[in-house]
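Shown next, in structure tokens, is the structure this report addresses.
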Amino acid sequence: MEAMVLAGGLGTRLAGRLNGVPKPMAPIAERPFLEILLQQLRDAGCARVVLSVGHLHGVIQSHFGAAFHGMRVEYSIEDAPLGTGGAIRAALGHAMEKAVLVLNGDTFLDADYAAMLRFHAAQAAGMTMAVTRREDIARYGGVIVTYGRITGFQEKGRSGPGWINAGAYVIDRDLPWPSHLPENFSFETDFLAPEIARLAPAAYEVDGFFLDIGVPEDLDRAQAELKRFS
């Protein structure tokens with residue numbers, strides 16, 4: 001298994017809480033959040049991970065170096081912000097396997113990633129997205145799932161239950177990118193949404209624990225909730 005983690009975000013909503021470290025390195029239960037993600041990948045059988053880094057990337061590189069508990073660690077470094085889409089596209093240039101697991105570096109999902117890769121291989125799709133149900137999708141925006149495929153998105157702010165993007169994908173290394181995309185673009189807004197009919201990503205439904213540490217209240221919640229995973 002090969003994975004990539006998007007760890008280059010600025011973390012502006014957490015600026016007062018990070019004490020000079022990038023958002024994925026926020027301390028959770030006395031260890032960096034990114035360590036919890038890498039431990040999860042290692043336990044799933046991942047042999048190689050590419051960390052997509054930018055803001056304060058030296059902190060991450062100094063902490064992890066070239067390996068984490070026997071798992072090879074490499075880096076895709078942003079010289080300028082690339083957005084989630086640009087970061088994924090650049091990191092895929094480091095891929096060695098056909099299908100790559102891609103995780104958001106500020107999201108934890110209690111999922112069987114080895115099973116997700118097997119699911120992807122059986123779907124004949126260029127991409128699979130993990131989705132999970134929320135009682136209120138207003139903060140995240142919704143994902144429309146039709147017969148096991150992602151067919152659309154709902155904007156943030158709309159209340160009510162539904163599926164949300166759980167921050168994990170399996171993406172084929174040779175996924176075609178439209179030529180008009182700039183270097184810096186949003187993976188969901190600028191790529192997935194307008195290309196959804198062509199891509200028809202498979203939906204991998206997960207009912208495990210989900211947490212996004214992007215706002216202070218959820219960063220605080222993570223201190224207790226993620227102890228059992230650390």
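Labeling convention for the structure tokens: chains A, B, ... as they appear, residues from 1 per chain, ligands from 1 in order of appearance.
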
#### Entry: Residues within 12 Å of A:Leu38, only C-alpha atoms, excluding chain neighbours under 5 positions, as a ChimeraX atom specification
/A:2-7,24-25,31-33,43-51,64,67-73,103-105,108,229-230

What would the file look like if the residues just selected were written as a CSV table (one decimal), in the first residue's frame with C-alpha atoms?
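The resulting file, result16.csv, is shown below:
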chain,number,residue,atom,x,y,z
A,2,GLU,CA,1.2,3.5,-0.9
A,3,ALA,CA,-0.3,6.7,0.6
A,4,MET,CA,-0.1,10.5,0.4
A,5,VAL,CA,-1.1,12.9,3.2
A,6,LEU,CA,-1.9,16.6,2.5
A,7,ALA,CA,0.0,18.4,5.2
A,24,PRO,CA,-1.0,18.6,11.0
A,25,MET,CA,1.5,18.8,13.8
A,31,ARG,CA,1.8,13.6,20.2
A,32,PRO,CA,1.5,15.4,16.8
A,33,PHE,CA,-1.8,14.7,15.0
A,43,ASP,CA,-1.0,-0.5,10.9
A,44,ALA,CA,-3.0,-0.8,7.7
A,45,GLY,CA,0.1,-2.2,5.9
A,46,CYS,CA,1.3,1.0,4.2
A,47,ALA,CA,5.0,0.7,3.2
A,48,ARG,CA,5.5,4.2,1.7
A,49,VAL,CA,3.9,7.5,2.4
A,50,VAL,CA,4.4,10.8,0.6
A,51,LEU,CA,3.8,13.9,2.7
A,64,PHE,CA,9.8,12.4,10.8
A,67,ALA,CA,11.0,6.8,8.0
A,68,PHE,CA,8.3,6.3,10.6
A,69,HIS,CA,8.4,3.0,12.5
A,70,GLY,CA,9.8,1.2,9.4
A,71,MET,CA,7.4,3.0,6.9
A,72,ARG,CA,9.3,4.9,4.2
A,73,VAL,CA,8.5,8.7,4.3
A,103,LEU,CA,-5.7,11.6,3.1
A,104,ASN,CA,-6.3,15.1,4.4
A,105,GLY,CA,-3.7,15.9,7.0
A,108,PHE,CA,-9.1,11.5,11.2
A,229,PHE,CA,-6.4,5.8,18.5
A,230,SER,CA,-3.0,7.1,19.6

Can you check which residues of stretch 53-217 of chain A DSSP gives as strand (DSSP E or B) on the backbone and send them as a compact mmCIF listing (two decimals) with C-alpha atoms, in the first residue's frame?
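The file below, out.txt, is the result:
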# COMPACT_ATOMS: atom_id res chain seq x y z
CA VAL A 53 4.09 19.81 2.71
CA ALA A 67 11.00 6.81 7.97
CA PHE A 68 8.30 6.29 10.58
CA MET A 71 7.44 2.97 6.89
CA ARG A 72 9.28 4.94 4.23
CA VAL A 73 8.53 8.70 4.30
CA GLU A 74 9.09 11.00 1.33
CA TYR A 75 8.10 14.61 0.68
CA SER A 76 6.38 16.63 -2.03
CA ILE A 77 7.29 20.22 -1.17
CA ALA A 99 -3.72 3.35 -7.04
CA VAL A 100 -2.77 5.65 -4.16
CA LEU A 101 -4.56 6.36 -0.89
CA VAL A 102 -4.80 10.12 -0.29
CA LEU A 103 -5.67 11.58 3.14
CA ASN A 104 -6.32 15.09 4.40
CA THR A 107 -8.91 14.80 9.30
CA PHE A 108 -9.09 11.50 11.17
CA LEU A 109 -11.31 8.70 9.88
CA MET A 127 -11.19 7.43 -8.05
CA THR A 128 -12.96 6.40 -4.86
CA MET A 129 -14.07 8.80 -2.12
CA ALA A 130 -14.77 7.83 1.48
CA VAL A 131 -18.08 9.24 2.66
CA THR A 132 -19.68 9.25 6.09
CA ARG A 133 -23.10 10.33 7.36
CA ARG A 134 -23.63 13.40 9.55
CA GLY A 142 -22.99 17.45 1.32
CA VAL A 143 -22.11 14.67 -1.10
CA ILE A 144 -24.83 13.17 -3.29
CA VAL A 145 -24.50 9.40 -3.65
CA THR A 146 -26.51 7.61 -6.33
CA ARG A 149 -21.34 6.68 -7.15
CA ILE A 150 -20.71 10.34 -6.28
CA THR A 151 -23.01 12.35 -8.53
CA GLY A 152 -22.92 15.83 -7.01
CA PHE A 153 -22.22 18.16 -4.11
CA GLN A 154 -24.26 20.42 -1.85
CA GLY A 162 -26.63 13.47 4.68
CA TRP A 163 -23.35 12.18 3.37
CA ILE A 164 -20.15 14.24 3.60
CA ASN A 165 -16.69 13.89 2.13
CA ALA A 166 -14.70 12.07 4.84
CA GLY A 167 -11.30 13.30 3.65
CA ALA A 168 -9.94 10.06 2.19
CA TYR A 169 -9.59 9.04 -1.45
CA VAL A 170 -8.08 6.32 -3.58
CA ILE A 171 -6.84 7.91 -6.80
CA ASP A 172 -5.30 6.27 -9.84
CA ALA A 202 -17.07 5.35 -6.36
CA ALA A 203 -18.46 6.04 -2.87
CA TYR A 204 -16.86 4.05 -0.04
CA GLU A 205 -19.26 4.30 2.89
CA PHE A 210 -14.70 10.94 12.02
CA LEU A 211 -13.11 14.18 13.19
CA ASP A 212 -11.80 17.28 11.42

Do you have, as a Markdown table, the list of residues of stretch 17-129 of chain A lying at most 7 Å from stretch 177-193 of chain A, each with its nearest atom pair and that distance in Å to one decimal, counting only C-alpha atoms and ordered by chain then number?
| residue | atom | partner | partner_atom | distance |
| --- | --- | --- | --- | --- |
| A:Pro81 | CA | A:Asn184 | CA | 6.6 |
| A:Leu82 | CA | A:Asn184 | CA | 3.9 |
| A:Gly83 | CA | A:Phe185 | CA | 5.0 |
| A:Thr84 | CA | A:Ser186 | CA | 5.1 |
| A:Gly85 | CA | A:Phe187 | CA | 3.7 |
| A:Gly86 | CA | A:Asn184 | CA | 5.2 |

### Message
Report, in Å to a single decimal, how far apart atom CA of A:Gly54 and atom CA of A:Gly8 are.
### Response
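That distance, rounded to one decimal, is 4.4 Å.
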
### Nearby residues (only C-alpha atoms) at most 9 Å from A:Ala224, same-chain spacing under 3 positions excluded, as a ChimeraX atom specification
/A:28-29,220-221,227-228

Same residues, N, CA and C atoms, saved as a compact mmCIF listing (two decimals), in the first residue's frame:
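Output file part18.txt follows:
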# COMPACT_ATOMS: atom_id res chain seq x y z
N ILE A 28 -1.92 16.39 19.91
CA ILE A 28 -3.14 15.69 20.30
C ILE A 28 -2.74 14.56 21.23
N ALA A 29 -3.26 14.57 22.44
CA ALA A 29 -2.94 13.51 23.41
C ALA A 29 -1.42 13.31 23.50
N ASP A 220 -9.97 20.77 20.47
CA ASP A 220 -10.13 20.42 21.88
C ASP A 220 -10.79 19.05 22.03
N ARG A 221 -11.79 18.79 21.23
CA ARG A 221 -12.49 17.50 21.29
C ARG A 221 -11.53 16.35 20.97
N LYS A 227 -7.50 9.72 21.95
CA LYS A 227 -6.61 8.98 22.81
C LYS A 227 -6.66 7.48 22.53
N ARG A 228 -7.84 6.99 22.19
CA ARG A 228 -7.98 5.56 21.94
C ARG A 228 -7.35 5.12 20.63

### Task
Report as a ChimeraX atom specification: the residues of stretch 22-209 of chain A with a DSSP assignment of helix (DSSP H, G or I), based on the backbone of this structure.
/A:23-25,33-43,57-64,83-92,113-123,187-199

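You will find atom CA of A:Ser62 at 29.9 Å from atom CA of A:Phe209.
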
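For the set A:Val21, A:Ala122, A:Thr12, A:Asp106, the residue with the smallest atom-to-atom gap to A:Leu219 is A:Asp106, counting only C-alpha atoms.
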
### Query
Closest to A:Lys23 among A:Ile137, A:Leu56, A:Met96, A:Ile36, using only C-alpha atoms?
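Of all the options, A:Leu56 lies closest to A:Lys23.
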